[in-house]
Amino acid sequence: MNHSTIVDYITQHKTRFINELCDLLRMPSVSAKPEYKADMLATAEAIKHRLLEAGADSVEISATAGYPVVYGEKIIDVKKPTVLVYGHYDVQPAEPYELWHSPPFEPVIRNTELHPQGAIFARGACDDKGQVYMHIKAFELMIKTNTLPCNVKFMIEGEEEVGSPNLGPWIIQHKSKLQADVILISDTSITANDAPSIDCGLRGLAYMEVEVTGPNRDLHSGVYGGAVANPINILCQMIASCHDENRHITIPGFYDKVRTWSPEERAEMAKAPYNETAYCKDLNINQVWGETGFTTIERTGIRPTLDVNGIWGGYTGEGAKTVLPSKAFAKISMRLVPNQSSDEIAQLFKSYFEKIAPSAVSINVTVHHGGEPVLVPTNSAGYKAASQAMQETFGKTPIPTRGGGSIPIVALFKKELKLDSILFGFGLDSDALHSPNEHFGIFNYLKGIETIPLFYKHFVNSK
Ligand code: BES
Ligand code: MN
Ligand code: MN
C-alpha cells in the first residue's frame, strides 16, 4: 500500500465521501429518546448497506436487549491478522435546538477558525458517525485499490451514548466471532490539526441521581418558609460540601485508589501543546477552574472529578411563584481515573449523601450507568502502527495523551476479549460534541480516511 495511491483515491472520491456522510447525518439516531426508535433502526440498516457496498462479505443487524449492533466482516485469509473496528451509530439528543445555527439533522458545511477548509455541522458529525464513516471509506479504498492486507470485522453499536447497557452480554455471546488481533476505535480526539495525538487512557464514569424529599407537598414559601427544610436548599448544600476550597473532592475514600504522578511524568505530560488563552477564548470564559495544584491537561486527563449535570425542582416556569418545593433532584457524574472502580465510587457517593442528609429530609440516591477507566499501553504493535501511520500523514509523531471522556466498552473488550483498543480519534475537543453546533472538520475526516489504511499496513507488517 502506497501513500500516493491512498491520496489519489481520496482526491477522486472526496466529494462523494462528504455527501455520503451528510446523508447518514440526516438520520436522527438519538438512542436516548424512544420516539427515534424507527430512525435508529433505519440508521442501522443504512450502516449495513454502506458496509456491503464498501465490500464487506456479510453484514448482519445483530439483536441485543436494546438497539442492535451492526456486525460485518471481510475475511480474506484466516491466517492473516484481524482488525476489529468498533464505533457507534447513535448520537446524543440535539437539544437545545434554538442554539443551533443550522438544524442538527440538516448537515451544512461552514468554515471556522480551526477548520479553514470547512467543517460539517450536524449532530453526530464527529461523535461518532463521521469517525465511523472514515473507517467504512478507508475500507472501501483498500477493497477498491486491492490493498486490504488483512481481515476486518466491524462492530458498530447503537447504545454508546446511553452507556452501552446491553453490549456486555452481546460481547460474551459473540466472543468467538469477535476474535481479533487488535481493536481500532475512532471516537476520541487529537490535540490539534497540527498536533496529532493518540489517547492512551480514558476516564471512567459513575453517574448518580439524587432525590431529596421534604414536606409532602409544595408549600407557600411565606407561610412555611423558615420553619420547614427546603429540599433544594439542602441539596445545594450537600452538593457544595462535595468540594473543599481547593476544589478537592471531600467524599471519604474518594482518592484512595488514585495514584500520584512523579514530577518526571508530569513534566512529560506538560509537553503536550496547550494554549490557555485560546482555550478560554473558545469557551468565552475568563479563566479555567479546577483542583488546585494541577494543570488543565492534568485536570481532564489524570484527575477524577464530580460535576452536577442537571438540577431541578420547585417552580421553573415563567415569572415568579412563591413556593417551598416538596422535592429537589440532581444528576451528578464523577469521572474516574485508574484504579478507581465505578461501583466502589458510586457506593462511596451514596453512603456520603445518605450520611450528610439532615433528618429533616429524606434522600434517595440511585446509580445510572458507569464505566471503568482504562489505560492503553504505548508499546504494543497496534499503538506503534497507529503512531507510524499518523507520523506519515501528519508529518509529526503523535503524542500520547489522556482522553477526558469515557468509552465504557474499552474496559469490557480488555476483560472479555483480552484485547487492547487503539484510540485512533481524529476529531478536536472543540468540535462541540454533545453540544449545539457539533461539527467535524473536512480536513479531519479526510485525514482519517488517509491514515487508517496506513495503520493496517504497518500493523500487518509488524506481525
Ligand atoms: N466519544 C465519546 C467519548 C470521548 C470523547 C472520549 C472525547 C474521549 C474524548 C463518547 O461518545 C461519549 O460521549 N461517552 C460518554 C459515555 C457515557 C454515555 C457512558 C461520556 O464520556 O460521557
Ligand atoms: Mn462517541
Ligand atoms: Mn458521545
# chains A, B, ... in the order shown; residues from 1 in each chain; ligands from 1
$ select_by_dssp --residues "region 117-306 of chain A" --states "strand (DSSP E or B)" --output "ChimeraX atom specification"
/A:119-121,151-157,182-185,189-190,192,195,197-202,204-213,219-220,243,249,305-306
$ residues_around --residues "region 168-177 of chain A" --least-positions-apart "3" --cutoff "12 Å" --atoms "only C-alpha atoms" --output "VMD selection string"
chain A and resid 62 to 73 75 82 84 86 152 to 155 157 159 to 160 163 to 165 180 371 408 to 419
$ residues_near_ligand --ligand "ligand 1" --cutoff "7 Å" --atoms "only C-alpha atoms and all ligand atoms" --output "PyMOL selection string"
chain A and resi 127-128+160-164+187-189+202+205+369-371+403-408+429
$ write_last_selection --atoms "C-alpha atoms" --output "PDB file, in the first residue's frame"
ATOM      1  CA  ASP A 127     -19.303  11.757  17.676  1.00  0.00           C
ATOM      2  CA  ASP A 128     -19.360   9.283  16.134  1.00  0.00           C
ATOM      3  CA  GLU A 160     -22.930   4.029  23.380  1.00  0.00           C
ATOM      4  CA  GLU A 161     -24.454   7.380  24.289  1.00  0.00           C
ATOM      5  CA  VAL A 162     -26.703   5.734  26.855  1.00  0.00           C
ATOM      6  CA  GLY A 163     -23.892   3.758  28.481  1.00  0.00           C
ATOM      7  CA  SER A 164     -23.885   0.564  26.337  1.00  0.00           C
ATOM      8  CA  ASP A 187     -14.219   8.053  18.978  1.00  0.00           C
ATOM      9  CA  THR A 188     -11.719  10.392  20.660  1.00  0.00           C
ATOM     10  CA  SER A 189      -9.806  13.489  19.597  1.00  0.00           C
ATOM     11  CA  LEU A 202      -9.768   7.241  29.153  1.00  0.00           C
ATOM     12  CA  LEU A 205     -17.659   7.171  34.976  1.00  0.00           C
ATOM     13  CA  HIS A 369     -24.651   3.795  34.129  1.00  0.00           C
ATOM     14  CA  GLY A 370     -20.992   3.592  34.837  1.00  0.00           C
ATOM     15  CA  GLY A 371     -17.784   2.559  33.189  1.00  0.00           C
ATOM     16  CA  GLY A 403      -8.855  11.445  26.955  1.00  0.00           C
ATOM     17  CA  GLY A 404     -11.173  13.026  29.494  1.00  0.00           C
ATOM     18  CA  GLY A 405     -14.305  11.271  28.212  1.00  0.00           C
ATOM     19  CA  SER A 406     -15.370   7.686  28.660  1.00  0.00           C
ATOM     20  CA  ILE A 407     -15.970   4.723  26.373  1.00  0.00           C
ATOM     21  CA  PRO A 408     -17.084   2.035  28.816  1.00  0.00           C
ATOM     22  CA  ASP A 429     -12.180  18.594  21.631  1.00  0.00           C
TER      23      ASP A 429
END
$ closest_residue --among "A:Val30, A:Ala385, A:Ala360, A:Leu283" --to "Ile234 (chain A)" --atoms "only C-alpha atoms"
A:Ala360
$ closest_residue --among "A:Tyr224, A:Tyr133, A:Phe353, A:Trp261" --to "Ile452 (chain A)" --atoms "only C-alpha atoms"
A:Tyr133
$ residues_around --residues "Met1 (chain A)" --least-positions-apart "2" --cutoff "12 Å" --atoms "only C-alpha atoms" --output "CSV table (one decimal) with C-alpha atoms, in the first residue's frame"
chain,number,residue,atom,x,y,z
A,3,HIS,CA,0.6,6.5,0.3
A,4,SER,CA,0.1,8.2,-3.0
A,5,THR,CA,-2.4,5.6,-4.1
A,6,ILE,CA,-4.4,6.5,-1.0
A,7,VAL,CA,-4.2,10.2,-1.6
A,141,LEU,CA,-10.5,2.4,-0.5
A,142,MET,CA,-8.5,-0.7,0.4
A,143,ILE,CA,-11.0,-3.0,-1.3
A,145,THR,CA,-7.5,-0.5,-4.8
A,146,ASN,CA,-6.8,-4.1,-3.9
A,147,THR,CA,-4.7,-3.3,-0.9
A,148,LEU,CA,-6.6,-4.7,2.0
A,149,PRO,CA,-3.8,-6.6,3.8
A,389,ALA,CA,0.6,5.9,10.3
A,450,GLU,CA,-5.9,8.7,4.6
A,451,THR,CA,-4.3,7.5,7.9
A,452,ILE,CA,-6.4,4.3,8.5
A,453,PRO,CA,-5.1,2.2,5.6
A,454,LEU,CA,-1.5,3.0,6.7
A,455,PHE,CA,-2.4,1.7,10.2
A,456,TYR,CA,-3.5,-1.6,8.5
A,457,LYS,CA,-0.3,-1.7,6.6
A,458,HIS,CA,2.0,-1.1,9.5
A,460,VAL,CA,0.2,-6.3,9.4
A,461,ASN,CA,3.8,-5.7,8.6
$ atom_distance --atom1 "CA of Ile61 (chain A)" --atom2 "CA of Gln92 (chain A)"
21.3 Å
